[in-house]
Amino acid sequence: MSAVIESRNDGLMPMRVDDLAEVMAIETAVYPFPWTEGIFADCIKVGYSCWIYREQGELRGYCVMALGPGEAHILTLCVHPDFQRQGMARMIMRFMLKLARKWQAENMYLEVRPSNIAAISLYQSLGFREAGRRPNYYPAENDTREEALIMSLPLEPGGTS
């Protein structure tokens with residue numbers, strides 16, 4: 001189901017502070033260097049576009065997007081490990097693209113680890129292309145840092161990506 005609905009049981013819906021315990025359970029299961037609950041709370045507080053996806057009442061994924069003049073920036077997108085590679089991240093990204101267009105963003109940006117081949121493949125299939133790199137962006141093992149690929153997608157009004 002990909003519709004935004006009123007119920008807190010199924011579909012895409014705005015993230016609330018009450019959802020953060022479930023968000024953190026997924027965040028810490030997926031990422032070796034997770035965001036903190038405070039970061040998510042701050043994103044909600046400052047008005048970023050924060051969304052969760054529920055199926056059968058269970059939180060399965062989430063996304064946070066910042067919107068600015070002419071652009072949108074995906075800050076995080078995550079799907080519970082048990083539900084990855086089932087089209088959920090694609091569905092969430094398509095929804096975020098629609099929102100960005102609605103807010104008249106002309107471009108969408110995101111960063112991704114070069115080692116995250118599945119995510120890069122998803123983003124490329126949606127039309128994103130590498131726009132640059134950020135050295136020493138992500139924390140990594142042994143007190144090292146991993147660069148980020150910057151990916152961008154021009155947003156055409158009414159596009160279907």
# chains A, B, ... in the order shown; residues from 1 in each chain; ligands from 1
$ select_by_dssp --residues "chain A" --states "helix (DSSP H, G or I)" --output "JSON, numbers by chain"
{"A": [17, 18, 19, 20, 21, 22, 23, 24, 25, 26, 27, 28, 29, 30, 37, 38, 39, 40, 41, 42, 43, 44, 45, 81, 82, 83, 88, 89, 90, 91, 92, 93, 94, 95, 96, 97, 98, 99, 100, 101, 102, 117, 118, 119, 120, 121, 122, 123, 124, 125, 141, 142, 143]}
$ residues_around --residues "range 100-108 of chain A" --least-positions-apart "6" --cutoff "6 Å" --atoms "only C-alpha atoms" --output "ChimeraX atom specification"
/A:70-73,152-155
$ closest_residue --among "A:Tyr137, A:Phe83, A:Phe95, A:Tyr62" --to "Phe40 in chain A" --atoms "only C-alpha atoms"
A:Tyr62
$ select_by_dssp --residues "range 64-156 of chain A" --states "strand (DSSP E)" --output "ChimeraX atom specification"
/A:64-68,71-79,107-112,129-139,145-154
$ residues_around --residues "Glu37 in chain A" --least-positions-apart "6" --cutoff "10 Å" --atoms "only C-alpha atoms" --output "PyMOL selection string"
chain A and resi 17+20-21+23-24+27+43
$ write_last_selection --atoms "C-alpha atoms" --output "PDB file, in the first residue's frame"
ATOM      1  CA  VAL A  17       7.983  12.019  18.248  1.00  0.00           C
ATOM      2  CA  LEU A  20      10.978   7.567  17.491  1.00  0.00           C
ATOM      3  CA  ALA A  21      11.462   4.443  19.615  1.00  0.00           C
ATOM      4  CA  VAL A  23      12.539   4.460  14.248  1.00  0.00           C
ATOM      5  CA  MET A  24      15.564   3.999  16.501  1.00  0.00           C
ATOM      6  CA  GLU A  27      18.157   2.790  12.707  1.00  0.00           C
ATOM      7  CA  CYS A  43      14.333  17.097  12.294  1.00  0.00           C
TER       8      CYS A  43
END
$ residues_around --residues "Glu55 in chain A" --least-positions-apart "2" --cutoff "8 Å" --atoms "only C-alpha atoms" --output "MDAnalysis selection string"
chainID A and resid 1 9:11 53 57:60
$ closest_residue --among "A:Ile117, A:Leu110, A:Trp51, A:Arg145" --to "Arg129 in chain A" --atoms "only C-alpha atoms"
A:Leu110
$ atom_distance --atom1 "CA of Leu99 in chain A" --atom2 "CA of Ile150 in chain A"
20.5 Å
$ atom_distance --atom1 "CA of Ala66 in chain A" --atom2 "CA of Leu97 in chain A"
12.0 Å
$ closest_residue --among "A:Glu130, A:Glu156, A:Asp19, A:Glu141" --to "Cys50 in chain A" --atoms "only C-alpha atoms"
A:Asp19
$ closest_residue --among "A:Ile120, A:Ala131, A:Ile92, A:Cys78" --to "Trp35 in chain A" --atoms "only C-alpha atoms"
A:Cys78
$ residues_around --residues "Ala89 in chain A" --least-positions-apart "5" --cutoff "8 Å" --atoms "only C-alpha atoms" --output "number ranges by chain"
A: 61, 77-79, 84
$ residues_around --residues "Ala140 in chain A" --least-positions-apart "5" --cutoff "9 Å" --atoms "only C-alpha atoms" --output "list in words"
Pro32, Phe33, Arg145 and Glu146 of chain A
